[in-house]
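See below for protein-v1.cif, which holds mmCIF, C-alpha atoms.
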data_run
#
loop_
_atom_site.label_atom_id
_atom_site.label_comp_id
_atom_site.auth_asym_id
_atom_site.auth_seq_id
_atom_site.Cartn_x
_atom_site.Cartn_y
_atom_site.Cartn_z
CA GLU C 1207 40.07 69.18 -12.73
CA MET C 1208 37.68 66.24 -13.09
CA LEU C 1209 40.63 63.90 -13.46
CA SER C 1210 42.70 65.28 -10.61
CA THR C 1211 43.71 62.67 -8.05
CA VAL C 1212 42.20 63.17 -4.62
CA LYS C 1213 44.53 61.66 -2.04
CA LYS C 1214 43.25 62.89 1.29
CA GLY C 1215 40.54 61.20 3.32
CA VAL C 1216 39.46 60.27 6.77
CA ARG C 1217 38.44 56.87 7.80
CA VAL C 1218 30.05 53.13 8.72
CA LEU C 1219 27.92 51.00 11.87
CA TYR C 1220 27.95 47.58 10.33
CA ALA C 1221 24.91 45.94 11.91
CA SER C 1222 26.24 42.46 11.34
CA THR C 1223 27.72 39.69 13.42
CA ASN C 1224 31.52 39.45 13.27
CA ALA C 1225 31.80 43.07 12.12
CA ARG C 1226 33.30 45.96 14.04
CA ARG C 1227 31.09 48.28 16.07
CA MET C 1228 32.08 51.38 14.14
CA GLY C 1229 31.86 50.76 10.46
CA ILE C 1230 29.37 50.24 7.66
CA SER C 1231 25.95 51.81 8.23
CA VAL C 1232 24.03 49.10 6.41
CA ASP C 1233 21.96 46.65 8.44
CA ILE C 1234 22.53 43.21 6.93
CA THR C 1235 21.18 41.21 9.87
CA LYS C 1236 17.98 40.33 7.98
CA ALA C 1237 19.37 40.56 4.44
CA ALA C 1238 19.30 36.78 3.93
CA GLU C 1239 15.50 37.05 3.95
CA LEU C 1240 15.78 39.05 0.71
CA ARG C 1241 17.46 36.22 -1.21
CA ASN C 1242 14.23 34.89 -2.69
CA LYS C 1243 12.35 38.17 -2.87
CA TYR C 1244 13.57 39.30 -6.31
CA THR C 1245 14.56 37.75 -9.63
CA LEU C 1246 17.25 39.25 -11.88
CA LEU C 1247 17.35 38.47 -15.60
CA GLU C 1248 19.73 39.70 -18.30
CA ALA C 1249 18.06 42.37 -20.44
CA ASP C 1250 18.57 44.56 -23.48
CA PRO C 1251 19.31 48.23 -22.63
CA SER C 1252 16.48 49.41 -24.87
CA MET C 1253 13.91 47.05 -23.32
CA HIS C 1254 10.52 48.67 -22.80
CA LEU C 1255 8.85 48.46 -19.39
CA SER C 1256 5.14 49.10 -19.39
CA GLU C 1257 3.76 51.65 -16.97
CA SER C 1258 1.61 48.90 -15.46
CA SER C 1259 4.65 46.88 -14.33
CA LYS C 1260 5.49 49.12 -11.40
CA SER C 1261 7.14 46.27 -9.50
CA SER C 1262 9.76 45.73 -12.26
CA LYS C 1263 12.93 47.75 -12.85
CA LEU C 1264 15.48 47.96 -15.62
CA ILE C 1265 18.89 48.39 -13.99
CA ALA C 1266 22.14 49.15 -15.82
CA PHE C 1267 25.09 48.14 -13.65
CA VAL C 1268 28.33 49.90 -14.62
CA ARG C 1269 31.79 49.23 -13.24
CA HIS C 1270 34.02 52.29 -12.91
CA ALA C 1271 36.72 52.90 -15.50
CA GLU C 1272 40.42 52.31 -14.81
CA GLY C 1273 41.72 54.03 -11.68
CA ILE C 1274 45.30 54.86 -10.78
CA HIS C 1275 45.31 51.91 -8.35
CA ASN C 1276 44.28 49.52 -11.14
CA ALA C 1277 47.05 50.84 -13.39
CA ALA C 1278 49.60 50.60 -10.58
CA ALA C 1279 48.60 47.01 -9.76
CA SER C 1280 48.89 46.07 -13.44
CA GLU C 1281 52.08 47.93 -14.35
CA HIS C 1282 53.99 47.74 -11.05
CA GLU C 1283 52.53 44.60 -9.46
CA ARG C 1284 55.34 43.79 -7.02
CA GLU C 1285 55.68 47.36 -5.76
CA PHE C 1286 51.90 47.78 -5.52
CA TYR C 1287 51.23 44.70 -3.40
CA SER C 1288 54.32 45.20 -1.22
CA ALA C 1289 53.76 48.87 -0.38
CA LEU C 1290 51.49 50.97 -2.57
CA PHE C 1291 48.21 49.15 -1.88
CA ASN C 1292 47.82 50.80 1.53
CA SER C 1293 49.67 54.01 0.73
CA ARG C 1294 47.90 57.36 1.10
CA VAL C 1295 48.93 58.03 -2.50
CA MET C 1296 46.23 55.51 -3.47
CA TRP C 1297 43.51 56.94 -1.20
CA ASP C 1298 40.21 57.23 -3.10
CA ALA C 1299 41.99 56.59 -6.39
CA ALA C 1300 40.89 58.75 -9.31
CA LEU C 1301 40.67 57.73 -12.97
CA THR C 1302 43.67 57.53 -15.25
CA GLN C 1303 43.60 59.08 -18.72
CA THR C 1304 42.95 55.56 -20.01
CA GLY C 1305 39.96 55.45 -17.67
CA ALA C 1306 38.65 58.73 -19.08
CA ASP C 1307 38.97 57.28 -22.61
CA GLN C 1308 37.04 54.19 -21.47
CA CYS C 1309 34.24 56.47 -20.32
CA GLU C 1310 34.09 58.00 -23.78
CA ARG C 1311 33.63 54.54 -25.25
CA LEU C 1312 30.93 53.74 -22.70
CA HIS C 1313 29.18 56.98 -23.59
CA SER C 1314 29.08 55.86 -27.23
CA GLU C 1315 27.74 52.45 -26.15
CA ILE C 1316 24.99 54.08 -24.07
CA GLU C 1317 24.04 56.31 -26.96
CA LYS C 1318 23.91 53.44 -29.49
CA SER C 1319 22.12 51.04 -27.15
CA GLY C 1320 19.12 53.29 -26.63
CA LEU C 1321 19.49 53.10 -22.85
CA ASN C 1322 17.43 55.77 -21.13
CA VAL C 1323 17.46 56.00 -17.34
CA ASP C 1324 15.47 58.08 -14.87
CA ILE C 1325 18.11 58.24 -12.13
CA ILE C 1326 21.81 57.44 -11.67
CA LEU C 1327 23.18 56.12 -8.39
CA ALA C 1328 26.93 56.07 -7.87
CA SER C 1329 29.28 54.91 -5.18
CA PRO C 1330 30.72 58.09 -3.58
CA LEU C 1331 34.32 57.34 -4.51
CA THR C 1332 36.11 59.66 -6.91
CA ARG C 1333 36.51 57.09 -9.71
CA THR C 1334 32.83 56.07 -9.70
CA LEU C 1335 31.63 59.68 -9.64
CA GLN C 1336 33.97 60.53 -12.51
CA THR C 1337 32.75 57.49 -14.45
CA ALA C 1338 29.09 58.43 -13.91
CA ILE C 1339 29.60 62.00 -15.10
CA LEU C 1340 31.90 61.28 -18.04
CA SER C 1341 29.78 58.36 -19.29
CA PHE C 1342 26.25 59.71 -18.82
CA ASN C 1343 26.55 63.49 -18.93
CA GLN C 1344 26.06 63.84 -22.69
CA THR C 1345 23.15 61.43 -23.07
CA HIS C 1346 21.54 62.27 -19.70
CA PRO C 1347 22.49 65.90 -18.95
CA ARG C 1348 19.44 66.50 -16.74
CA THR C 1349 19.32 63.12 -15.01
CA LYS C 1350 20.03 63.34 -11.29
CA ILE C 1351 23.13 61.62 -9.94
CA ILE C 1352 22.86 60.48 -6.31
CA ALA C 1353 25.87 59.35 -4.29
CA GLU C 1354 25.03 56.13 -2.43
CA GLU C 1355 27.33 54.45 0.09
CA MET C 1356 25.48 51.11 -0.01
CA CYS C 1357 27.11 50.24 -3.36
CA ARG C 1358 30.69 50.92 -2.32
CA GLU C 1359 33.40 48.35 -2.95
CA ARG C 1360 34.19 45.57 -0.48
CA MET C 1361 36.03 47.14 2.44
CA GLU C 1362 39.52 45.70 2.49
CA VAL C 1363 43.07 46.82 3.30
CA TYR C 1364 43.35 48.83 0.08
CA ALA C 1365 43.64 52.59 0.52
CA SER C 1366 41.92 53.01 -2.85
CA GLU C 1367 38.63 52.06 -1.13
CA GLY C 1368 38.83 55.04 1.25
CA ARG C 1369 36.46 57.94 0.64
CA THR C 1370 37.31 61.64 0.38
CA PRO C 1371 35.41 63.90 2.85
CA ILE C 1372 31.99 64.87 1.53
CA ARG C 1373 32.72 68.59 1.78
CA ARG C 1374 35.54 68.15 -0.74
CA LEU C 1375 33.51 65.85 -2.99
CA ARG C 1376 30.72 68.45 -3.11
CA ALA C 1377 33.25 71.00 -4.35
CA LEU C 1378 34.67 68.60 -6.95
CA PHE C 1379 31.30 67.28 -8.13
CA PRO C 1380 28.66 70.02 -7.68
CA GLN C 1381 26.26 68.17 -10.01
CA VAL C 1382 26.03 65.19 -7.61
CA ASP C 1383 23.48 64.91 -4.78
CA PHE C 1384 25.30 63.83 -1.58
CA SER C 1385 22.30 64.25 0.75
CA ARG C 1386 22.03 60.53 1.55
CA ILE C 1387 25.51 60.48 3.09
CA LYS C 1388 25.37 61.77 6.65
CA ASN C 1389 29.03 61.64 7.69
CA ASP C 1390 31.64 63.95 6.22
CA GLY C 1391 34.49 61.60 7.06
CA ASP C 1392 34.77 57.99 5.95
CA GLU C 1393 33.30 55.93 8.79
CA TRP C 1394 33.43 52.80 6.60
CA TRP C 1395 37.22 52.67 6.55
CA SER C 1396 37.38 51.05 10.01
CA THR C 1397 35.57 47.92 8.75
CA ARG C 1398 36.73 44.86 6.85
CA GLU C 1399 34.23 42.73 4.91
CA ASN C 1400 34.18 39.25 3.43
CA ASP C 1401 32.37 38.35 0.21
CA GLU C 1402 29.33 36.96 2.03
CA GLN C 1403 28.84 40.25 3.87
CA VAL C 1404 29.18 42.18 0.62
CA GLY C 1405 26.61 39.89 -0.99
CA LEU C 1406 24.17 40.59 1.84
CA ARG C 1407 24.85 44.32 1.59
CA SER C 1408 24.17 44.14 -2.15
CA LEU C 1409 20.76 42.59 -1.41
CA VAL C 1410 19.91 45.48 0.91
CA PHE C 1411 20.99 47.87 -1.83
CA LEU C 1412 18.85 46.07 -4.42
CA ASP C 1413 15.88 46.22 -2.06
CA HIS C 1414 16.47 49.98 -1.80
CA LEU C 1415 16.50 50.28 -5.61
CA MET C 1416 13.21 48.41 -5.82
CA GLN C 1417 11.56 50.92 -3.48
CA LEU C 1418 12.60 53.94 -5.55
CA PRO C 1419 9.93 55.70 -7.65
CA TYR C 1420 11.92 55.10 -10.85
CA GLN C 1421 11.66 52.25 -13.33
CA ARG C 1422 14.95 52.69 -15.20
CA ILE C 1423 18.05 53.04 -13.06
CA ALA C 1424 21.80 53.22 -13.69
CA VAL C 1425 24.23 52.19 -10.94
CA VAL C 1426 27.94 53.01 -11.15
CA THR C 1427 29.85 50.84 -8.72
CA HIS C 1428 32.74 48.38 -8.31
CA SER C 1429 33.79 44.95 -9.55
CA VAL C 1430 33.76 42.91 -6.33
CA PHE C 1431 30.47 44.47 -5.22
CA LEU C 1432 28.92 43.54 -8.58
CA GLN C 1433 30.36 40.03 -8.56
CA CYS C 1434 28.94 39.41 -5.08
CA LEU C 1435 25.56 40.78 -6.15
CA TYR C 1436 25.45 38.62 -9.29
CA ARG C 1437 26.37 35.53 -7.28
CA GLU C 1438 23.25 36.02 -5.21
CA PHE C 1439 21.30 35.50 -8.47
CA ARG C 1440 23.38 32.76 -10.09
CA SER C 1441 20.25 30.66 -10.65
CA SER C 1442 18.85 33.26 -13.07
CA LEU C 1443 21.86 35.15 -14.48
CA PRO C 1444 24.38 33.87 -17.08
CA SER C 1445 27.54 32.44 -15.52
CA GLU C 1446 29.75 35.14 -17.09
CA PHE C 1447 28.09 37.68 -14.80
CA TYR C 1448 29.51 36.15 -11.61
CA SER C 1449 32.37 33.89 -12.76
CA GLN C 1450 34.62 36.82 -13.65
CA ARG C 1451 34.87 40.48 -12.77
CA GLN C 1452 33.11 43.03 -14.92
CA GLY C 1453 35.48 45.00 -17.15
CA PHE C 1454 36.43 48.66 -16.75
CA ALA C 1455 33.59 51.00 -17.76
CA ALA C 1456 31.58 47.93 -18.80
CA MET C 1457 27.80 47.83 -18.53
CA ARG C 1458 25.48 44.93 -17.82
CA VAL C 1459 21.73 45.41 -17.89
CA VAL C 1460 19.15 43.37 -15.99
CA THR C 1461 15.49 43.42 -15.17
CA ALA C 1462 14.64 43.08 -11.50
CA SER C 1463 11.19 41.97 -10.41
CA LEU C 1464 9.42 40.39 -7.49
CA THR C 1465 9.76 36.63 -7.55
CA GLN C 1466 6.48 35.00 -8.47
#

How would this structure read if it were set down as structure tokens?
Amino acid sequence: EMLSTVKKGVRVLYASTNARRMGISVDITKAAELRNKYTLLEADPSMHLSESSKSSKLIAFVRHAEGIHNAAASEHEREFYSALFNSRVMWDAALTQTGADQCERLHSEIEKSGLNVDIILASPLTRTLQTAILSFNQTHPRTKIIAEEMCRERMEVYASEGRTPIRRLRALFPQVDFSRIKNDGDEWWSTRENDEQVGLRSLVFLDHLMQLPYQRIAVVTHSVFLQCLYREFRSSLPSEFYSQRQGFAAMRVVTASLTQ
């Protein structure tokens, strides 16, 4: 049941210039002011944070495992980009069996790395929720998983970026907290973003993470979102973070702290 493909969906207020009135409910109008507020540095998953360093976080950023849209784009490229990319068949694409196997490997990596997180935030798409549960459930069975729209993928023409109604997601993923998502239907679907807007949205999301009462956080999200976030910190992160997309079910760990 966890791997069943969910194909139905409906279509957030993007408070940004050049964005549509109905769309993404993330205010990015002042996000540029956050660019110098924090510093991100590559870190070891087992890194210890002292209780006194309340302003620092250890954040494990995970890209979802392979979805059916990824497999279709790879195995049937011409058909995918000519028709399938905006087909309802691809709506809120779930994981493939290969994706589920990738989650098993990530679980082993998490276990061996000594990563221990206090909270898990996941984009509310089926593939990211599946990745969060399959990858963290064994090592973090009691750790809360919160669905968070701010770390969704860049909104494009791809039906795979559409979200299933929350009432159905609650039934599919009863262990996930959906309380931060106010709209049952997908209000974000009416919006299209460019990379700069995604980068600004990622800064707002990071600012949200820094306000949480947790020091060690896992985030399960998407490749373009992560690449845009890493680019905002290219002065402090290794070039491989932002020069290429993060692999399926791959994890990168950083420390985030207030810039001195």

Discussion item. Taking 4 positions as the minimum chain separation for residues in the same chain, which residues sit within 8 Å of segment 1261-1273 of chain C when counting all atoms listed in the file? Answer as a ChimeraX atom specification.
Written reply: /C:1249,1251,1253,1255,1277,1299-1302,1304-1306,1308-1309,1333-1334,1337-1338,1416,1420-1429,1432,1452-1464

Discussion item. Can you spell out as a ChimeraX atom specification the set of residues that the PyMOL selection byres ((chain C and resi 1353) around 9) selects in the structure I just provided?
Written reply: /C:1326-1331,1335,1351-1352,1354-1355,1382-1387

Item to complete: Name the residues that the PyMOL selection byres ((chain C and resi 1361) around 12) picks from the file above, as a PyMOL selection string, using the file's chain letters and numbers.
Response: chain C and resi 1217-1218+1220+1225-1226+1229-1230+1355-1360+1362-1369+1392-1401+1403-1404+1407+1428+1430-1431

Suppose we keep C-alpha atoms; can you now write the selection as an mmCIF file, in the coordinates of the input?
data_model
loop_
_atom_site.group_PDB
_atom_site.id
_atom_site.type_symbol
_atom_site.label_atom_id
_atom_site.label_comp_id
_atom_site.auth_asym_id
_atom_site.auth_seq_id
_atom_site.Cartn_x
_atom_site.Cartn_y
_atom_site.Cartn_z
ATOM 1 C CA ARG C 1217 38.440 56.870 7.800
ATOM 2 C CA VAL C 1218 30.050 53.130 8.720
ATOM 3 C CA TYR C 1220 27.950 47.580 10.330
ATOM 4 C CA ALA C 1225 31.800 43.070 12.120
ATOM 5 C CA ARG C 1226 33.300 45.960 14.040
ATOM 6 C CA GLY C 1229 31.860 50.760 10.460
ATOM 7 C CA ILE C 1230 29.370 50.240 7.660
ATOM 8 C CA GLU C 1355 27.330 54.450 0.090
ATOM 9 C CA MET C 1356 25.480 51.110 -0.010
ATOM 10 C CA CYS C 1357 27.110 50.240 -3.360
ATOM 11 C CA ARG C 1358 30.690 50.920 -2.320
ATOM 12 C CA GLU C 1359 33.400 48.350 -2.950
ATOM 13 C CA ARG C 1360 34.190 45.570 -0.480
ATOM 14 C CA GLU C 1362 39.520 45.700 2.490
ATOM 15 C CA VAL C 1363 43.070 46.820 3.300
ATOM 16 C CA TYR C 1364 43.350 48.830 0.080
ATOM 17 C CA ALA C 1365 43.640 52.590 0.520
ATOM 18 C CA SER C 1366 41.920 53.010 -2.850
ATOM 19 C CA GLU C 1367 38.630 52.060 -1.130
ATOM 20 C CA GLY C 1368 38.830 55.040 1.250
ATOM 21 C CA ARG C 1369 36.460 57.940 0.640
ATOM 22 C CA ASP C 1392 34.770 57.990 5.950
ATOM 23 C CA GLU C 1393 33.300 55.930 8.790
ATOM 24 C CA TRP C 1394 33.430 52.800 6.600
ATOM 25 C CA TRP C 1395 37.220 52.670 6.550
ATOM 26 C CA SER C 1396 37.380 51.050 10.010
ATOM 27 C CA THR C 1397 35.570 47.920 8.750
ATOM 28 C CA ARG C 1398 36.730 44.860 6.850
ATOM 29 C CA GLU C 1399 34.230 42.730 4.910
ATOM 30 C CA ASN C 1400 34.180 39.250 3.430
ATOM 31 C CA ASP C 1401 32.370 38.350 0.210
ATOM 32 C CA GLN C 1403 28.840 40.250 3.870
ATOM 33 C CA VAL C 1404 29.180 42.180 0.620
ATOM 34 C CA ARG C 1407 24.850 44.320 1.590
ATOM 35 C CA HIS C 1428 32.740 48.380 -8.310
ATOM 36 C CA VAL C 1430 33.760 42.910 -6.330
ATOM 37 C CA PHE C 1431 30.470 44.470 -5.220
#

Discussion item. Between C:Gly1405, C:Leu1378, C:Thr1370, C:Tyr1436, which residue has the minimum interatomic distance to Asp1390 of chain C, considering all atoms listed in the file?
Written reply: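 Nearest to Asp1390 of chain C: C:Thr1370.
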
Worksheet item: What is the distance between atom CA of Ser1252 of chain C and atom CA of Gly1320 of chain C, in Å to one decimal?
Response: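 Between these atoms lies a distance of 5.0 Å.
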
Worksheet entry | Result set, the PyMOL selection byres ((chain C and resi 1236-1245) around 9) on current file, as a PyMOL selection string | chain C and resi 1233-1235+1246-1247+1406-1410+1412-1413+1438-1439+1442+1461-1466
